[in-house]
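Below: run.cif (mmCIF, C-alpha atoms)
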```cif
data_final
loop_
_atom_site.label_atom_id
_atom_site.label_comp_id
_atom_site.auth_asym_id
_atom_site.auth_seq_id
_atom_site.Cartn_x
_atom_site.Cartn_y
_atom_site.Cartn_z
CA MET Y 95 21.18 25.80 11.62
CA ASP Y 96 19.87 28.44 14.04
CA VAL Y 97 17.91 27.59 17.17
CA ILE Y 98 14.60 28.96 15.87
CA ALA Y 99 14.73 26.86 12.69
CA LEU Y 100 15.79 23.82 14.70
CA THR Y 101 12.94 24.28 17.18
CA GLY Y 102 10.43 24.63 14.34
CA LEU Y 103 11.80 21.48 12.74
CA ALA Y 104 11.58 19.61 16.06
CA PHE Y 105 7.94 20.67 16.57
CA ALA Y 106 7.02 19.68 13.02
CA LEU Y 107 8.59 16.25 13.47
CA ALA Y 108 6.85 15.79 16.84
CA MET Y 109 3.31 16.42 15.54
CA ASP Y 110 2.69 12.78 14.62
CA ALA Y 111 3.97 11.71 18.04
CA PHE Y 112 1.66 14.24 19.69
CA ALA Y 113 -1.37 12.97 17.74
CA VAL Y 114 -0.59 9.34 18.59
CA ALA Y 115 -0.05 10.30 22.24
CA LEU Y 116 -3.49 11.94 22.33
CA GLY Y 117 -5.08 8.70 21.20
CA THR Y 118 -2.95 6.59 23.52
CA GLY Y 119 -3.74 8.73 26.55
CA ALA Y 120 -7.42 8.54 25.68
CA ILE Y 121 -7.62 4.75 25.56
CA LEU Y 122 -5.78 3.99 28.80
CA ALA Y 123 -8.19 3.28 31.64
CA ARG Y 124 -5.91 5.01 34.16
CA LEU Y 125 -2.97 7.14 33.04
CA THR Y 126 0.07 6.69 35.29
CA GLY Y 127 3.53 8.17 35.49
CA ARG Y 128 4.90 4.94 34.02
CA HIS Y 129 2.72 5.33 30.93
CA LEU Y 130 3.86 8.93 30.50
CA PHE Y 131 7.51 7.99 30.96
CA ARG Y 132 7.45 4.95 28.66
CA LEU Y 133 5.76 6.64 25.72
CA GLY Y 134 7.51 9.99 26.19
CA PHE Y 135 10.92 8.34 26.57
CA HIS Y 136 10.53 5.98 23.61
CA PHE Y 137 9.03 8.56 21.24
CA GLY Y 138 11.75 11.05 22.24
CA LEU Y 139 14.48 8.41 21.90
CA PHE Y 140 13.33 7.23 18.47
CA GLN Y 141 12.86 10.84 17.27
CA ALA Y 142 16.45 11.55 18.39
CA LEU Y 143 17.95 8.34 16.97
CA MET Y 144 16.32 8.41 13.54
CA PRO Y 145 18.05 11.63 12.39
CA VAL Y 146 21.36 10.19 13.60
CA ILE Y 147 20.73 6.99 11.62
CA GLY Y 148 19.73 9.04 8.55
CA TRP Y 149 22.80 11.22 8.95
CA LEU Y 150 25.07 8.18 9.17
CA ALA Y 151 23.32 6.19 6.45
CA GLY Y 152 24.60 8.22 3.54
CA GLN Y 153 23.12 8.46 0.07
CA THR Y 154 23.29 4.79 -0.91
CA VAL Y 155 21.23 3.39 1.94
CA MET Y 156 18.98 6.45 2.09
CA ARG Y 157 17.86 6.03 -1.52
CA TRP Y 158 16.61 2.53 -0.70
CA VAL Y 159 14.94 3.53 2.57
CA GLU Y 160 13.44 6.64 1.01
CA ALA Y 161 11.65 4.49 -1.57
CA TRP Y 162 9.91 2.50 1.17
CA ASP Y 163 9.75 4.70 4.31
CA HIS Y 164 6.25 5.99 3.59
CA TRP Y 165 4.95 2.44 3.06
CA ILE Y 166 6.54 1.29 6.32
CA ALA Y 167 5.04 4.20 8.29
CA PHE Y 168 1.64 3.71 6.64
CA GLY Y 169 1.64 -0.04 7.30
CA LEU Y 170 2.59 0.30 10.95
CA LEU Y 171 0.09 3.08 11.66
CA ALA Y 172 -2.73 1.36 9.75
CA LEU Y 173 -2.08 -1.94 11.53
CA ILE Y 174 -2.13 -0.35 14.97
CA GLY Y 175 -5.13 1.84 14.09
CA CYS Y 176 -7.15 -1.12 12.82
CA ARG Y 177 -6.22 -3.08 15.92
CA MET Y 178 -7.38 -0.22 18.15
CA ILE Y 179 -10.71 0.00 16.35
CA HIS Y 180 -11.19 -3.77 16.48
CA GLU Y 181 -10.41 -3.90 20.19
CA ALA Y 182 -12.66 -0.90 20.93
CA CYS Y 183 -15.56 -2.77 19.40
CA GLY Y 184 -14.74 -5.83 21.57
CA SER Y 185 -15.55 -6.47 25.19
CA GLU Y 186 -14.86 -3.94 27.95
CA GLU Y 187 -12.81 -6.53 29.84
CA LYS Y 188 -10.22 -6.77 27.06
CA SER Y 189 -10.18 -2.98 26.69
CA ALA Y 190 -9.07 -2.46 30.30
CA GLU Y 191 -6.09 -4.81 29.83
CA ARG Y 192 -4.56 -3.10 26.77
CA ASP Y 193 -1.55 -0.87 27.11
CA PRO Y 194 -0.03 0.55 23.91
CA THR Y 195 2.89 1.88 25.97
CA ARG Y 196 4.33 -1.62 26.26
CA GLY Y 197 5.78 -4.31 24.03
CA LEU Y 198 5.54 -4.51 20.27
CA SER Y 199 2.89 -1.77 20.02
CA LEU Y 200 5.27 0.67 21.70
CA VAL Y 201 8.11 -0.19 19.32
CA MET Y 202 5.89 -0.04 16.22
CA LEU Y 203 4.40 3.32 17.25
CA SER Y 204 7.88 4.68 18.02
CA ILE Y 205 9.18 3.69 14.59
CA ALA Y 206 6.10 4.84 12.70
CA THR Y 207 6.04 8.29 14.28
CA SER Y 208 9.76 8.90 13.79
CA ILE Y 209 10.43 7.62 10.28
CA ASP Y 210 10.34 11.14 8.77
CA ALA Y 211 13.23 12.09 11.05
CA LEU Y 212 15.39 9.67 9.05
CA ALA Y 213 15.12 11.90 5.98
CA VAL Y 214 15.80 14.98 8.12
CA GLY Y 215 19.04 13.41 9.33
CA PHE Y 216 20.05 12.67 5.77
CA SER Y 217 19.27 16.24 4.74
CA LEU Y 218 21.35 17.62 7.60
CA SER Y 219 24.29 15.48 6.51
CA ILE Y 220 24.08 16.95 3.00
CA LEU Y 221 24.07 20.45 4.49
CA GLY Y 222 27.13 19.59 6.55
CA VAL Y 223 25.33 20.22 9.84
CA SER Y 224 26.52 18.32 12.91
CA ILE Y 225 23.73 15.98 13.99
CA TRP Y 226 24.23 15.75 17.76
CA PHE Y 227 22.61 18.99 18.95
CA PRO Y 228 19.67 18.79 16.48
CA ALA Y 229 19.05 15.16 17.48
CA LEU Y 230 18.98 16.15 21.15
CA VAL Y 231 16.54 19.01 20.54
CA ILE Y 232 14.31 16.85 18.31
CA GLY Y 233 14.21 14.10 20.93
CA LEU Y 234 13.46 16.44 23.84
CA VAL Y 235 10.68 18.24 21.98
CA ALA Y 236 9.12 14.94 20.87
CA GLY Y 237 9.27 13.55 24.39
CA ALA Y 238 7.69 16.68 25.90
CA LEU Y 239 4.90 16.86 23.29
CA THR Y 240 4.22 13.15 23.74
CA VAL Y 241 3.69 13.61 27.48
CA ALA Y 242 1.48 16.66 26.85
CA GLY Y 243 -0.55 14.72 24.28
CA MET Y 244 -1.07 11.83 26.67
CA LEU Y 245 -2.23 14.15 29.45
CA VAL Y 246 -4.75 15.87 27.16
CA GLY Y 247 -5.82 12.50 25.73
CA GLY Y 248 -6.33 11.09 29.23
CA ARG Y 249 -8.78 13.87 30.04
CA ILE Y 250 -10.69 13.33 26.81
CA GLY Y 251 -10.75 9.53 27.18
CA SER Y 252 -12.16 9.58 30.69
CA ARG Y 253 -15.19 11.43 29.34
CA TRP Y 254 -15.82 9.71 26.02
CA GLY Y 255 -14.79 6.09 26.66
CA SER Y 256 -14.35 3.61 23.78
CA ARG Y 257 -15.56 6.13 21.18
CA VAL Y 258 -12.26 7.94 21.65
CA GLU Y 259 -10.38 4.70 20.98
CA ILE Y 260 -12.19 4.32 17.67
CA ILE Y 261 -11.39 7.95 16.83
CA GLY Y 262 -7.78 7.34 17.89
CA GLY Y 263 -7.55 4.34 15.56
CA LEU Y 264 -8.98 6.42 12.72
CA VAL Y 265 -6.47 9.20 13.48
CA LEU Y 266 -3.58 6.71 13.26
CA ILE Y 267 -4.86 5.39 9.95
CA SER Y 268 -5.32 8.98 8.71
CA ILE Y 269 -1.77 9.91 9.67
CA GLY Y 270 -0.54 6.85 7.76
CA ILE Y 271 -2.58 7.82 4.71
CA LYS Y 272 -1.30 11.42 4.95
CA ILE Y 273 2.29 10.21 5.02
CA LEU Y 274 1.64 7.91 2.06
CA ILE Y 275 -0.06 10.62 -0.03
CA GLN Y 276 2.67 13.19 0.74
CA HIS Y 277 5.40 10.84 -0.40
CA LEU Y 278 3.57 9.52 -3.46
CA SER Y 279 2.57 12.97 -4.70
CA GLY Y 280 5.87 14.67 -3.85
#
```
Structure rendered as C-alpha cells:
Amino acid sequence: MDVIALTGLAFALAMDAFAVALGTGAILARLTGRHLFRLGFHFGLFQALMPVIGWLAGQTVMRWVEAWDHWIAFGLLALIGCRMIHEACGSEEKSAERDPTRGLSLVMLSIATSIDALAVGFSLSILGVSIWFPALVIGLVAGALTVAGMLVGGRIGSRWGSRVEIIGGLVLISIGIKILIQHLSG
C-alpha cells in the first residue's frame, strides 16, 4: 500500500472522529490542553488499535463482528447523542460539569468512532499488507484531526452555547444512522 493511498484511508477513517471532536470541543465550557490530549490520544489510540485487532481477528471472528459492528456503532453514538441533547436541555449548572473527554463517555466515543477501522484491518490482512505502519499512520491522523476538530468546536461553542450541544448530539445520532444505513444497504 503506497503512502498516498494510506493517507487517504487514514483521513477517511478519521472523519467520524473529527465530527465528534467538533461537537465535544463545542460543549466544553473551557477547552484545556488536557481535554485536547485525552480525546486526541484516545481517538488516535483506538483508531490505531482497531485495524490491528481486525488484522489479527481473522475471518472467523470478523464474520461475527461484521454482522453487528454497525449496530454497536449506531447504539453507542445514538446513546451519547441523546444524552448530550437531554443534558443541553437541562440546567446550566449541570452543563458546566460535563466532560465527554473522561470516563465511560470517552471510551464509548473512542469505540464508536473507530469501529470501521476493524474492517480495514481485516481487509489489509487479506491483502497481505503488514499492519504496523498503516496502524501508526491511521492513529496519528485520527489524533491530529481530533485535536483540530476540538479547537474549531471550541471556537464555535463559545459563541453559540447550548444550541451547539444539541446540534452536536444530533450530529452523533446522524453519524450513527449513516453507519447503520451504509452497512444495511451495502
Item to check | Explicit residue set for the PyMOL selection byres ((chain Y and resi 164) around 7), as a ChimeraX atom specification | outcome: /Y:162-163,165-168,273-274,277
Please write the residues from the selection above to a file, keeping C-alpha atoms, as a tab-separated table (two decimals), in the frame of the given file.
```
chain	number	residue	atom	x	y	z
Y	162	TRP	CA	9.91	2.50	1.17
Y	163	ASP	CA	9.75	4.70	4.31
Y	165	TRP	CA	4.95	2.44	3.06
Y	166	ILE	CA	6.54	1.29	6.32
Y	167	ALA	CA	5.04	4.20	8.29
Y	168	PHE	CA	1.64	3.71	6.64
Y	273	ILE	CA	2.29	10.21	5.02
Y	274	LEU	CA	1.64	7.91	2.06
Y	277	HIS	CA	5.40	10.84	-0.40
```
Next on the checklist: Can you translate the PyMOL selection byres ((chain Y and resi 218-230) around 12) into the concrete residues it hits in this file, as a ChimeraX atom specification?
Outcome noted: /Y:95-105,107,138-153,156,208,211-217,231-237
Item to check | Residues in the PyMOL selection byres ((chain Y and resi 250) around 12), expressed as a PyMOL selection string | outcome: chain Y and resi 115-123+125+243-249+251-259+261-262
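Here atom CA of Val241 of chain Y and atom CA of Gly197 of chain Y stand 18.4 Å from one another.
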Checklist entry - Gly263 of chain Y: which residues within 8 Å, counting all atoms listed in the file, same-chain residues fewer than 5 positions away excluded, as a list in words? => result Gly117, Ile174, Gly175, Cys176, Arg177, Met178 and Ile179 of chain Y
Checklist outcome for this item: Between atom CA of Thr240 of chain Y and atom CA of His180 of chain Y lies a distance of 24.0 Å
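Candidate residues Y:Ile260, Y:Ala238, Y:Leu198, Y:Leu171 were compared for distance to Phe137 of chain Y, and the nearest is Y:Ala238, using only C-alpha atoms.
Separating atom CA of Ile275 of chain Y from atom CA of Glu160 of chain Y is a distance of 14.1 Å.
For the residues Y:Met202, Y:Leu266, Y:Ala106, Y:Thr195, ranking by smallest atom-to-atom distance to Gly127 of chain Y using only C-alpha atoms places Y:Thr195 first.
Checking Y:Leu200, Y:Leu264, Y:Phe131, Y:Leu278 one by one against Ala182 of chain Y, counting all atoms listed in the file, you find the shortest gap at Y:Leu264.
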